[in-house]
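Quick notes on the structure that follows.
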Amino acid sequence: MSETLLLLLIPALPLASAIILLATRLNRLAVSCLALSSIGLAALAVLIIQLNTASDFSPIQESWGTWLEVDSVTLNFAFYLDGLSLMMISIICGVGWLIHLFSVAFMAQDTGYQRYFGYLNLFVAAMLILVLADNLLLLYLGWEGVGLCSYLLIGFWHSKRANNMAANKAFIMTRIGDTAMLIGLLLLFWQFGSLDINHINQQALDLPPNSSLVNVSCLLLFIGAAGKSAQFPLQNWLPDAMAGPTPVSALIHAATMVTAGIYLIARNATLFGSALEVLNIIAIVGTITLLLGASAAMVQSDLKRILAYSTISQLGYMFLALGVGANAAASFHLMTHAFFKALLFLAAGALIYCLSHQHNIYKMGGLAKKMPWVSTAFIIGCAALSALPLLSGFFSKELILSHVIDQGHPWLWYGAVLGGFLTAFYSARLILLVFFGPIQQAPDRALPKTMAIVMASLILLSIFGGMLPESITRQFPASTPPLSLITHYLPIASPFLAIALAYWCWQRGVFTRSITSPIQKTLHTLLLNGWQFDQLYHLLFVRPYFIITQLNRHDIIDGLFRGIEVTMIMLHRLCSKSQTGSLRLYNATIIVFIVISLAWLIIGGTTA
Amino acid sequence: MTLPLSWLISFSFALFAIGVFGVVVRRNLIFVLISIEIMLNAVALLFVAGSTLHPGSDGQVIYLMILAMAGAEVAIGLALVITMFRRWHSLDIDLLSKMRG
């Protein structure tokens with residue numbers, strides 16, 4: 001089978017399966033078979049493409065057909081496969097399939113089984129369209145599609161009000177970014193007369209650097225990316241998005257959807273390369289986000305919220321890499337993060353499953369003996385997250401850091417190293433509190449075999465995934481910059497220092513001790529609420545909005561139309577008063593009128 | 001001896017005015033009908049008087065037509081009067097104000 005046909009099949013299979021799942025009623029076995037086989041076949045197609053193109057890779061382009069045809073502009077359902085999108089579809093189909101398999105066990109008792117897999121397949125289809133899109137509008141279609149599925153899956157257990165609020169929050173926050181992105185797309189179209197990604201990037205080469213229009217449109221695209229990838233200042237929807245089922249958090253809010261922003265910028269690397277000011281902004285925003293996420297993760301008590309803040313922080317690293325022009329490093333970290341964060345989330349899901357929906361890490365403890373498999377998975381995931389040497393996260397994070405210092409951003413580098421320190425600290429705290437110490441709650445369900453198998457595969461990927469894939473190096477030539485002694489060893493040493501510090505704190509009971517001093521209390525609340533961004537936005541946007549709506553509760557603009565209505569009613573009353581129904585009055589009126597007109601005619605006739 | 005035309009016109013005008021006055025002030029439907037008849041006759045008189053001024057018989061012809069029309073009008077008018085009396089047991093036209101407003 002030719003590669004182009006396979007390329008067309010990859011997004012079509014999950015889409016078809018999603019439509020069948022959402023439109024029909026099937027039994028559980030059929031649902032699982034259909035959902036798993038569609039993603040599995042897509043993954044198989046990706047594998048065949050990878051094997052076929054291993055030796056000589058040239059980008060593949062193929063189209064389903066015409067989508068829009070307006071004037072001279074033709075937009076196709078066209079797909080474009082190069083090294084970057086090949087890596088993305090490998091992650092989406094591979095990790096996606098594993099998470100589907102995990103979900104079969106995790107959601108086994110749920111009443112919304114078919115709906116869940118319908119949404120999940122639809123998500124995979126939309127995400128594949130996003131990464132394979134040949135033009136920016138098709139990319140935007142996938143972008144909105146994943147946003148919709150994210151909304152549907154965060155609010156999957158919709159009988160609880162808090163879940164719906166979280167889903168709305170995620171949708172509205174990302175929508176702010178999406179709107180900016182759409183404006184950015186239209187600006188690019190206005191400028192280049194095309195939405196074709198390759199065409200735009202080709203033309204961007206000829207532009208003078210730092211032209212204001214390119215800067216503005218890149219900034220708008222970046223705002224879109226920041227909304228989707230939970231970057232400062234649009235980051236606070238992600239911790240609330242943990243209201244969804246845990247495999248959803250693993251797939252959407254850790255491995256794939258939130259990396260769409262990184263993909264967008266890496267895809268348009270040439271375009272962003274000509275907007276140097278925007279790249280600086282991206283690097284600074286990335287650093288702020290990674291510190292913000294890592295610091296907030298240190299004090300959380302909800303297992304999934306820790307992982308959510310950790311995801312925000314890791315996405316910050318990727319944006320930092322993009323900002324300093326290290327696209328290969330960013331894509332590499334995207335991939336390793338997808339492996340170890342999916343592993344962490346699935347291990348967390350297994351914990352939550354076995355402990356009957358316990359999320360609070362202070363109520364866990366000593367689980368290492370009771371659940372050795374889950375704790376192994378968790379410890380390896382956390383080690384990769386903390387960038388301990390020889391695990392996958394180590395290589396990608398080292399690559400990012402070396403590029404940051406090489407490009408001459410020492411302050412950002414210090415920020416990133418501090419972020420790495422904090423990452424190792426909160427990972428160690430999480431593991432020590434959950435898996436060691438006295439047992440507080442014994443697991444009441446055994447770990448299903450499927451979950452164990454999925455976690456085993458992800459453990460392997462997290463350990464051995466630290467090889468920069470060839471498809472990336474082909475796309476973005478990667479170099480390892482020379483490093484001085486400090487810049488080489490400080491990032492390696494800092495996680496160990498952080499783990500030692502965390503261990504020391506844990507032994508002295510610092511994590512569990514109640515806070516007494518007011519300064520500590522303030523700081524703790526500040527971090528617990530993710531630097532109070534929710535409260536800030538409430539004060540800045542929600543409250544003024546409510547005040548305006550209060551003022552305008554009688555609708556000022558509507559007054560104009562109401563005025564017309566009132567005038568009409570008054571005129572009507574006036575006219576209907578004259579209709580007395582008295583025949584004599586009518587007669588008298590007619591006669592008086594005739595007499596007056598006749599008199600007018602006669603007098604007029606004599607004077608003329 | 002012939003009457004001067006001005007007398008006839010003045011008489012006709014006076015009759016017409018009386019008819020108009022009757023239509024406007026009377027409340028009894030029969031009197032309203034009679035007032036209309038007076039107005040018709042005033043006009044008919046004017047036509048007859050006019051025909052003496054002009055050669056030919058146009059005026060008399062129109063008088064006959066007005067007479068026929070007046071007959072028809074009275075027939076319909078009296079029918080309405082009877083209907084109204086059956087319905088309201090009164091001939092006060094101020095009662096007929098249901099279409100007010």
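We label chains A, B, ... in the order they appear in the structure tokens, count residues from 1 in each chain, and number ligands from 1 in the order shown.
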Subject >> Distance filter 7 Å, only C-alpha atoms, chain A against chain B, as number ranges by chain >> reply: A: 576-577, 579-584, 587-588
Exercise. For B:Val81, work out the shell of residues within 10 Å, counting only C-alpha atoms and skipping chain neighbours fewer than 4 positions away, then give it as a ChimeraX atom specification.
Key: /B:28-30,33,75-77,85-87,90-91
Can I get the selection written as a compact mmCIF listing (two decimals), in the first residue's frame, with N, CA, C and O atoms?
# COMPACT_ATOMS: atom_id res chain seq x y z
N ASN B 28 -82.85 60.06 16.42
CA ASN B 28 -83.76 59.01 15.95
C ASN B 28 -83.44 58.68 14.50
O ASN B 28 -83.36 59.56 13.64
N LEU B 29 -83.28 57.39 14.22
CA LEU B 29 -82.83 56.97 12.89
C LEU B 29 -83.84 57.36 11.81
O LEU B 29 -83.45 57.76 10.70
N ILE B 30 -85.13 57.30 12.12
CA ILE B 30 -86.15 57.67 11.12
C ILE B 30 -86.02 59.12 10.74
O ILE B 30 -86.05 59.49 9.56
N LEU B 33 -83.18 59.55 8.41
CA LEU B 33 -83.55 59.17 7.05
C LEU B 33 -84.37 60.26 6.38
O LEU B 33 -84.13 60.61 5.22
N ALA B 75 -86.00 52.31 0.68
CA ALA B 75 -86.28 50.89 0.90
C ALA B 75 -85.21 50.25 1.78
O ALA B 75 -85.50 49.59 2.79
N ILE B 76 -83.94 50.48 1.43
CA ILE B 76 -82.83 49.91 2.23
C ILE B 76 -82.82 50.51 3.61
O ILE B 76 -82.69 49.81 4.63
N GLY B 77 -83.00 51.83 3.68
CA GLY B 77 -82.93 52.53 4.96
C GLY B 77 -83.99 52.01 5.91
O GLY B 77 -83.68 51.72 7.08
N PHE B 85 -84.40 48.10 15.04
CA PHE B 85 -85.41 48.09 16.11
C PHE B 85 -85.56 46.70 16.70
O PHE B 85 -85.70 46.56 17.91
N ARG B 86 -85.49 45.69 15.82
CA ARG B 86 -85.59 44.32 16.31
C ARG B 86 -84.46 44.01 17.28
O ARG B 86 -84.63 43.32 18.27
N ARG B 87 -83.33 44.52 16.95
CA ARG B 87 -82.15 44.16 17.73
C ARG B 87 -82.05 44.96 19.03
O ARG B 87 -81.72 44.42 20.06
N SER B 90 -84.91 50.05 20.01
CA SER B 90 -84.76 51.51 20.09
C SER B 90 -84.24 51.97 18.74
O SER B 90 -83.72 51.17 17.96
N LEU B 91 -84.41 53.25 18.46
CA LEU B 91 -83.89 53.76 17.19
C LEU B 91 -82.84 54.83 17.42
O LEU B 91 -82.52 55.61 16.54
* So which residues touch A:Ser310 within 12 Å, counting only C-alpha atoms, skipping near sequence neighbours fewer than 3 positions away, as a PyMOL selection string? -> chain A and resi 230+235+238-239+253-254+289-300+303-307+313-317+337+340-341+344-345+382+385-386+419-420+422-427+430+530
Check the DSSP output for the backbone and give back, as a PyMOL selection string, the residues of stretch 271-476 of chain A in helix (DSSP H, G or I). chain A and resi 271-273+276-297+303-323+327-354+361-363+367-370+372-385+392-406+410-435+449-464+470-475
Could you tell me how far atom CA of A:Phe77 sits from atom CA of A:Gly145, in Å to one decimal place?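 Computing it gives 14.7 Å between the two atoms.
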note - atom CA of A:Ile547 and atom CA of A:Gly224 are separated by 28.1 Å
query = Which of these residues is nearest to B:Ser35, using only C-alpha atoms: B:Val74, B:Leu5, B:Ile62, B:Ile82?
reply =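 Distance minimum relative to B:Ser35 lands on B:Val74.
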Q.
Nearest residue to A:His488 out of A:Leu213, A:Ala162, A:Ile312, A:Ile400, using only C-alpha atoms?
A.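 Closest residue, counting only C-alpha atoms: A:Ile400.
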Practice task
Just give me the gap between atom CA of A:Val146 and atom CA of A:Met257 in Å, one decimal is fine.
Solution key: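 Separation of atom CA of A:Val146 and atom CA of A:Met257: 6.7 Å.
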Item checked: For B:Asn41: contacts at 10 Å, only C-alpha atoms, fewer than 6 positions along chain excluded, given as a list of chain:residue names ->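 These residues fall inside the cut-off: B:Ser12, B:Leu15, B:Phe16, B:Gly19, B:Ser35, B:Phe47, B:Tyr63, B:Ile66, B:Leu67, B:Ala70.
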Restricting the output to N, CA and C atoms, write the selected residues as a compact mmCIF listing (two decimals), in the first residue's frame.
# COMPACT_ATOMS: atom_id res chain seq x y z
N SER B 12 -83.56 76.03 -2.22
CA SER B 12 -82.88 74.73 -2.27
C SER B 12 -81.76 74.66 -1.23
N LEU B 15 -83.29 74.23 2.18
CA LEU B 15 -83.74 72.86 2.40
C LEU B 15 -82.55 71.94 2.72
N PHE B 16 -81.47 72.10 1.93
CA PHE B 16 -80.28 71.27 2.11
C PHE B 16 -79.71 71.47 3.52
N GLY B 19 -81.73 69.75 5.99
CA GLY B 19 -81.43 68.31 5.96
C GLY B 19 -80.14 67.98 6.70
N SER B 35 -84.30 63.39 7.04
CA SER B 35 -83.42 64.51 6.75
C SER B 35 -82.64 64.27 5.47
N PHE B 47 -81.81 70.85 -9.56
CA PHE B 47 -81.67 70.37 -10.94
C PHE B 47 -82.84 70.85 -11.80
N TYR B 63 -83.61 64.52 -12.39
CA TYR B 63 -84.57 64.54 -11.28
C TYR B 63 -85.22 63.18 -11.15
N ILE B 66 -82.84 60.76 -9.62
CA ILE B 66 -82.69 61.00 -8.17
C ILE B 66 -83.90 60.43 -7.44
N LEU B 67 -85.10 60.58 -8.06
CA LEU B 67 -86.31 60.06 -7.45
C LEU B 67 -86.21 58.55 -7.28
N ALA B 70 -83.73 57.75 -4.64
CA ALA B 70 -84.28 58.04 -3.32
C ALA B 70 -85.20 56.91 -2.89
Which neighbours of A:Val131 fall inside 10 Å, counting only C-alpha atoms, when residues of the same chain fewer than 6 positions from it are skipped, and could you give them as a list in words?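 Here the answer would be Phe79, Tyr80, Leu81, Leu84, Ser85, Leu86, Met87, Met88, Ile89, Ile92, Leu138, Leu139, Gly142, Trp143, Ala260, Tyr263, Leu264 and Arg267 of chain A.
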Determine, counting only C-alpha atoms, which protein, DNA and RNA residues have an atom within 9 Å of an atom of B:Leu46; residues of the same chain fewer than 2 positions away are not included. Present the result as a list in words.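 The contact residues come out as Leu8, Ile9, Phe11, Ser12, Phe13, Asn41, Ala42, Val43, Ala44, Val48, Ala49, Gly50, Ser51 and Gly59 of chain B.
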- [ ] Mind checking which residues fall within 10 Å of A:Ala226, counting only C-alpha atoms, ignoring those fewer than 3 positions away in the same chain, and posting them as a PyMOL selection string?
- [x] chain A and resi 174+176-178+181+220-223+229-235+258-262+282+285-286+315-316+319
